[in-house]
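S.K.: Please see the structure below; I have some questions.
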Amino acid sequence: MDDEIRERAEAEAEANALFNALKHDSDAQVGAIMGPLMGENPDFREYGDQLAGVVAPVVERVNGMSTEEKRDRLGELAPERLEELDSEDESEEYDLPGLPNADDYDEVRMRAAPNPNGPWHIGHARMPSVIGRYKERYDGSFLVRFDDTDPETKRPDLDAYDAILDDIDYLGFEPDEVIRASDRLETYYDHARELIEMGGAYTCTCPQEAFSELKNSGEACEHREKDHEQTLAEFEAMVDGEYSAGEIVLRVRTDIEHKNPALRDWVAFRMIDTPHPREEAADYRCWPMLDFQSGIDDHLTGVTHIIRGIDLQDSAKRQGFVYDYFGWEYPEVIHWGHVQVDAYDVSMSTSSIKELIEAGELDGWEDPRARRSRACGAGASAARPSSTRWRDSVPRVATSTSRCRRCTPPTAS
Ligand SMILES: [Zn+2]
């Protein structure tokens with residue numbers, strides 16, 4: 001083997017070893033490199049028996065390099081192969097599953113519905129990233145809706161509204177519309193009134209424990225059969241703030257013997273004495289529960305596809321009762337199990353981080369351990385899901401046959 005052949009063989013072997021090691025994220029193997037090397041370079045074949053001796057030290061050297069060094073070196077030796085690697089990564093990134101029945105809708109419309117009760121950590125980045133990707137893929141539209149209707153236990157943080165929008169912008173996505181649920185109380189009240197008139201809801205003053213006991217044994221409370229005029233009058237008194245927290249709720253009349261007790265006559269509205277931190281919403285005391293508010297909003301804002309955690313499976317079922325009363329068709333639901341965001345295990349909730357900060361275990365939201373989406377420097381590519389799997393998807397809940405045409409999606413309020 002002359003020097004010219006040896007040099008070419010070393011360079012070819014090195015490029016192959018780098019490519020294989022990077023592609024499989026593991027050590028390159030001499031055996032795996034010999035075949036392609038001789039296949040692509042027929043003039044090496046006559047030196048077959050010496051070639052392994054040339055390749056082995058090259059492979060050993062490559063396996064001693066860091067990923068960064070391997071990439072740099074491959075870029076020098078064979079830039080086109082580095083590009084090939086990167087484009088393979090790219091196509092895997094785009095490997096989100098198709099949305100169900102996307103062709104049935106004029107426009108795919110999805111929403112991220114953050115609770116602005118604190119700034120985001122990196123786990124929150126997956127929702128807008130995935131929705132942003134779908135928006136690109138289907139040329140759809142992306143709504144951000146702040147589900148800020150719990151002024152007490154999930155009290156909104158006034159700075160979080162803008163911080164969350166900044167984070168979405170930072171991730172490289174632009175919402176088409178932004179709304180706040182706390183601006184829409186009158187809309188929820190109107191729908192509650194309509195529901196009451198249809199016999200779909202009743203006011204209940206049972207103490208919580210007493211009601212639970214009845215409910216768990218599949219029995220109705222004494223309030224269930226009252227006439228709807230009385231319910232309406234009591235609901236108006238709730239709206240006017242004439243009750244205090246815990247005194248009364250408005251329940252959706254579902255199926256008191258439903259096999260899943262969580263779906264039996266659930267609470268749609270309750271009283272909260274603590275004023276909302278937003279001045280515009282500070283006078284309201286009668287607040288919708290999340291299932292009622294988000295169910296109404298998804299329909300009114302024309303959301304076609306919802307992505308949500310498997311833990312919220314009951315939400316769709318609860319809301320299904322309201323959709324049936326109104327004759328609405330439930331949006332398509334995709335449940336996700338767990339979207340891996342690089343090495344981060346995304347288990348921290350905003351409230352658990354808040355607790356750690358308050359306990360002094362974290363130095364505030366900018367502490368990288370809080371994994372706030374920006375504190376850890378996650379840019380668009382880092383936060384984009386590298387693999388996505390829908391572990392489960394649930395059939396439509398409502399039984400109506402067509403999408404409601406009576407309600408036109410509102411513009412931003
Ligand atoms: Zn009752």
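Chain identifiers are assigned as A, B, and so on, following the order in which chains appear in the structure tokens; residues are numbered from 1 within each chain, and ligands are numbered from 1 in order of appearance.
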Pick out the residues no farther than 8 Å from ligand 1, counting only C-alpha atoms and all ligand atoms, and list them as a PyMOL selection string.
M.R.: chain A and resi 203-207+211+220-224
S.K.: May I have the residues within 9 Å of A:Asp183 as a PyMOL selection string, using only C-alpha atoms and disregarding those fewer than 2 positions away in the same chain?
M.R.: chain A and resi 179-181+185-187+280-281+413
S.K.: Go ahead and save the picked residues with C-alpha atoms, as a PDB file, in the first residue's frame.
M.R.:
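And here's again_35.pdb as it stands now:
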```
ATOM      1  CA  ILE A 179     -57.520  36.636  25.031  1.00  0.00           C
ATOM      2  CA  ARG A 180     -57.996  36.614  28.801  1.00  0.00           C
ATOM      3  CA  ALA A 181     -60.799  34.579  30.351  1.00  0.00           C
ATOM      4  CA  LEU A 185     -67.193  36.687  32.631  1.00  0.00           C
ATOM      5  CA  GLU A 186     -70.369  38.119  31.081  1.00  0.00           C
ATOM      6  CA  THR A 187     -70.095  35.546  28.279  1.00  0.00           C
ATOM      7  CA  GLU A 280     -60.873  45.062  35.218  1.00  0.00           C
ATOM      8  CA  ALA A 281     -62.015  41.844  36.916  1.00  0.00           C
ATOM      9  CA  SER A 413     -61.446  41.023  23.285  1.00  0.00           C
TER      10      SER A 413
END
```
S.K.: Extract, using only C-alpha atoms, all DNA, RNA and protein residues at most 12 Å from A:Arg61, discarding same-chain residues fewer than 6 positions from it, and format them as an MDAnalysis selection string.
M.R.: chainID A and resid 10 13:15 17:18 21 27:30 54:55 69:70 73
S.K.: So which residues of stretch 151-224 of chain A fall under strand (DSSP E or B) by DSSP, listed as a list in words?
M.R.: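 Strand (DSSP E or B) assignments inside stretch 151-224 of chain A correspond to Glu177, Val178, Ile179, Arg180, Ala201, Tyr202, Thr203 and Cys204 of chain A.
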S.K.: Go ahead and dump the residues you just picked, N, CA and C atoms, as a PDB file, in the first residue's frame.
M.R.:
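The result, written out as result-v4.pdb:
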```
ATOM      1  N   GLU A 177     -53.905  35.348  18.055  1.00  0.00           N
ATOM      2  CA  GLU A 177     -54.867  36.047  18.885  1.00  0.00           C
ATOM      3  C   GLU A 177     -54.565  35.760  20.348  1.00  0.00           C
ATOM      4  N   VAL A 178     -54.782  36.752  21.206  1.00  0.00           N
ATOM      5  CA  VAL A 178     -54.564  36.569  22.637  1.00  0.00           C
ATOM      6  C   VAL A 178     -55.814  37.043  23.380  1.00  0.00           C
ATOM      7  N   ILE A 179     -56.372  36.198  24.231  1.00  0.00           N
ATOM      8  CA  ILE A 179     -57.520  36.636  25.031  1.00  0.00           C
ATOM      9  C   ILE A 179     -57.326  36.246  26.493  1.00  0.00           C
ATOM     10  N   ARG A 180     -58.060  36.922  27.369  1.00  0.00           N
ATOM     11  CA  ARG A 180     -57.996  36.614  28.801  1.00  0.00           C
ATOM     12  C   ARG A 180     -59.392  36.204  29.257  1.00  0.00           C
ATOM     13  N   ALA A 201     -78.779  23.024  34.576  1.00  0.00           N
ATOM     14  CA  ALA A 201     -77.974  23.409  35.740  1.00  0.00           C
ATOM     15  C   ALA A 201     -78.895  23.807  36.888  1.00  0.00           C
ATOM     16  N   TYR A 202     -78.406  23.641  38.102  1.00  0.00           N
ATOM     17  CA  TYR A 202     -79.185  24.054  39.274  1.00  0.00           C
ATOM     18  C   TYR A 202     -78.264  24.588  40.359  1.00  0.00           C
ATOM     19  N   THR A 203     -78.805  25.523  41.108  1.00  0.00           N
ATOM     20  CA  THR A 203     -78.046  26.062  42.238  1.00  0.00           C
ATOM     21  C   THR A 203     -78.210  25.117  43.420  1.00  0.00           C
ATOM     22  N   CYS A 204     -77.120  24.964  44.168  1.00  0.00           N
ATOM     23  CA  CYS A 204     -77.102  23.978  45.250  1.00  0.00           C
ATOM     24  C   CYS A 204     -76.408  24.580  46.464  1.00  0.00           C
TER      25      CYS A 204
END
```
S.K.: So which residues of stretch 237-340 of chain A fall under helix (DSSP H, G or I) by DSSP, listed as an MDAnalysis selection string?
M.R.: chainID A and resid 237:239 261:263 279:281 290:300 310:326
S.K.: Keeping only N, CA and C atoms, write those residues as an mmCIF file, in the first residue's frame.
M.R.:
```
data_model
loop_
_atom_site.group_PDB
_atom_site.id
_atom_site.type_symbol
_atom_site.label_atom_id
_atom_site.label_comp_id
_atom_site.auth_asym_id
_atom_site.auth_seq_id
_atom_site.Cartn_x
_atom_site.Cartn_y
_atom_site.Cartn_z
ATOM 1 N N ALA A 237 -78.287 36.216 41.918
ATOM 2 C CA ALA A 237 -77.781 36.684 43.212
ATOM 3 C C ALA A 237 -76.304 36.316 43.389
ATOM 4 N N MET A 238 -75.922 35.171 42.833
ATOM 5 C CA MET A 238 -74.490 34.810 42.841
ATOM 6 C C MET A 238 -73.700 35.833 42.034
ATOM 7 N N VAL A 239 -74.206 36.133 40.839
ATOM 8 C CA VAL A 239 -73.523 37.091 39.961
ATOM 9 C C VAL A 239 -73.405 38.450 40.652
ATOM 10 N N PRO A 261 -67.983 8.766 39.284
ATOM 11 C CA PRO A 261 -68.529 9.792 40.181
ATOM 12 C C PRO A 261 -68.011 11.204 39.877
ATOM 13 N N ALA A 262 -66.824 11.307 39.279
ATOM 14 C CA ALA A 262 -66.264 12.630 38.976
ATOM 15 C C ALA A 262 -67.095 13.369 37.927
ATOM 16 N N LEU A 263 -67.944 12.655 37.212
ATOM 17 C CA LEU A 263 -68.749 13.295 36.181
ATOM 18 C C LEU A 263 -70.152 13.651 36.670
ATOM 19 N N GLU A 279 -57.486 44.757 37.737
ATOM 20 C CA GLU A 279 -58.461 45.779 38.093
ATOM 21 C C GLU A 279 -59.782 45.578 37.348
ATOM 22 N N GLU A 280 -59.682 45.230 36.061
ATOM 23 C CA GLU A 280 -60.873 45.062 35.218
ATOM 24 C C GLU A 280 -61.789 43.945 35.727
ATOM 25 N N ALA A 281 -61.235 43.008 36.484
ATOM 26 C CA ALA A 281 -62.015 41.844 36.916
ATOM 27 C C ALA A 281 -62.212 41.811 38.426
ATOM 28 N N LEU A 290 -62.781 25.862 35.838
ATOM 29 C CA LEU A 290 -62.021 25.736 34.593
ATOM 30 C C LEU A 290 -62.741 24.901 33.527
ATOM 31 N N ASP A 291 -63.378 23.799 33.933
ATOM 32 C CA ASP A 291 -64.030 22.948 32.937
ATOM 33 C C ASP A 291 -65.151 23.687 32.217
ATOM 34 N N PHE A 292 -65.887 24.514 32.944
ATOM 35 C CA PHE A 292 -66.968 25.247 32.310
ATOM 36 C C PHE A 292 -66.391 26.331 31.401
ATOM 37 N N GLN A 293 -65.508 27.143 31.967
ATOM 38 C CA GLN A 293 -64.935 28.270 31.222
ATOM 39 C C GLN A 293 -64.214 27.801 29.956
ATOM 40 N N SER A 294 -63.348 26.807 30.097
ATOM 41 C CA SER A 294 -62.552 26.434 28.924
ATOM 42 C C SER A 294 -63.418 25.707 27.894
ATOM 43 N N GLY A 295 -64.416 24.975 28.380
ATOM 44 C CA GLY A 295 -65.321 24.300 27.444
ATOM 45 C C GLY A 295 -66.097 25.299 26.596
ATOM 46 N N ILE A 296 -66.633 26.328 27.247
ATOM 47 C CA ILE A 296 -67.377 27.368 26.530
ATOM 48 C C ILE A 296 -66.439 28.093 25.556
ATOM 49 N N ASP A 297 -65.262 28.451 26.041
ATOM 50 C CA ASP A 297 -64.338 29.210 25.199
ATOM 51 C C ASP A 297 -63.837 28.413 24.002
ATOM 52 N N ASP A 298 -63.549 27.148 24.199
ATOM 53 C CA ASP A 298 -63.061 26.355 23.063
ATOM 54 C C ASP A 298 -64.075 26.405 21.929
ATOM 55 N N HIS A 299 -65.337 26.289 22.298
ATOM 56 C CA HIS A 299 -66.356 26.332 21.244
ATOM 57 C C HIS A 299 -66.473 27.724 20.632
ATOM 58 N N LEU A 300 -66.617 28.733 21.488
ATOM 59 C CA LEU A 300 -66.864 30.089 20.970
ATOM 60 C C LEU A 300 -65.695 30.635 20.153
ATOM 61 N N ILE A 310 -53.122 13.497 29.680
ATOM 62 C CA ILE A 310 -54.013 12.370 29.917
ATOM 63 C C ILE A 310 -54.739 12.529 31.251
ATOM 64 N N ASP A 311 -54.114 13.292 32.163
ATOM 65 C CA ASP A 311 -54.731 13.494 33.480
ATOM 66 C C ASP A 311 -56.005 14.332 33.380
ATOM 67 N N LEU A 312 -56.202 14.992 32.246
ATOM 68 C CA LEU A 312 -57.392 15.826 32.092
ATOM 69 C C LEU A 312 -58.488 15.136 31.288
ATOM 70 N N GLN A 313 -58.386 13.823 31.188
ATOM 71 C CA GLN A 313 -59.351 13.069 30.408
ATOM 72 C C GLN A 313 -60.790 13.306 30.869
ATOM 73 N N ASP A 314 -60.973 13.442 32.198
ATOM 74 C CA ASP A 314 -62.324 13.667 32.710
ATOM 75 C C ASP A 314 -62.885 15.018 32.273
ATOM 76 N N SER A 315 -61.998 15.985 32.033
ATOM 77 C CA SER A 315 -62.469 17.314 31.617
ATOM 78 C C SER A 315 -63.312 17.224 30.359
ATOM 79 N N ALA A 316 -62.804 16.526 29.369
ATOM 80 C CA ALA A 316 -63.532 16.416 28.109
ATOM 81 C C ALA A 316 -64.890 15.766 28.342
ATOM 82 N N LYS A 317 -64.912 14.788 29.234
ATOM 83 C CA LYS A 317 -66.169 14.093 29.495
ATOM 84 C C LYS A 317 -67.156 14.998 30.233
ATOM 85 N N ARG A 318 -66.639 15.763 31.200
ATOM 86 C CA ARG A 318 -67.525 16.699 31.908
ATOM 87 C C ARG A 318 -68.073 17.727 30.925
ATOM 88 N N GLN A 319 -67.177 18.303 30.154
ATOM 89 C CA GLN A 319 -67.606 19.330 29.203
ATOM 90 C C GLN A 319 -68.555 18.765 28.155
ATOM 91 N N GLY A 320 -68.411 17.468 27.894
ATOM 92 C CA GLY A 320 -69.285 16.836 26.915
ATOM 93 C C GLY A 320 -70.769 17.016 27.258
ATOM 94 N N PHE A 321 -71.076 17.044 28.564
ATOM 95 C CA PHE A 321 -72.481 17.235 28.961
ATOM 96 C C PHE A 321 -72.965 18.627 28.558
ATOM 97 N N VAL A 322 -72.115 19.628 28.773
ATOM 98 C CA VAL A 322 -72.483 21.005 28.399
ATOM 99 C C VAL A 322 -72.619 21.112 26.878
ATOM 100 N N TYR A 323 -71.697 20.494 26.158
ATOM 101 C CA TYR A 323 -71.761 20.532 24.693
ATOM 102 C C TYR A 323 -73.051 19.871 24.198
ATOM 103 N N ASP A 324 -73.446 18.809 24.848
ATOM 104 C CA ASP A 324 -74.677 18.147 24.431
ATOM 105 C C ASP A 324 -75.899 19.038 24.662
ATOM 106 N N TYR A 325 -75.933 19.735 25.797
ATOM 107 C CA TYR A 325 -77.057 20.650 26.039
ATOM 108 C C TYR A 325 -77.138 21.702 24.942
ATOM 109 N N PHE A 326 -75.986 22.236 24.556
ATOM 110 C CA PHE A 326 -75.979 23.308 23.560
ATOM 111 C C PHE A 326 -76.025 22.778 22.121
#
```
S.K.: May I have a table of the residues of stretch 73-123 of chain A lying at most 6 Å from stretch 145-148 of chain A, giving each one's closest pair of atoms and their distance in Å to one decimal, counting only C-alpha atoms, ordered by chain and ascending residue number, as CSV?
M.R.:
```
residue,atom,partner,partner_atom,distance
A:Ala113,CA,A:Arg145,CA,4.7
A:Pro114,CA,A:Phe146,CA,5.3
A:Asn115,CA,A:Asp147,CA,5.0
```
S.K.: Just how far from atom CA of A:Met127 is atom CA of A:Pro331, in Å to one decimal?
M.R.: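 Separation between atom CA of A:Pro331 and atom CA of A:Met127: 17.1 Å.
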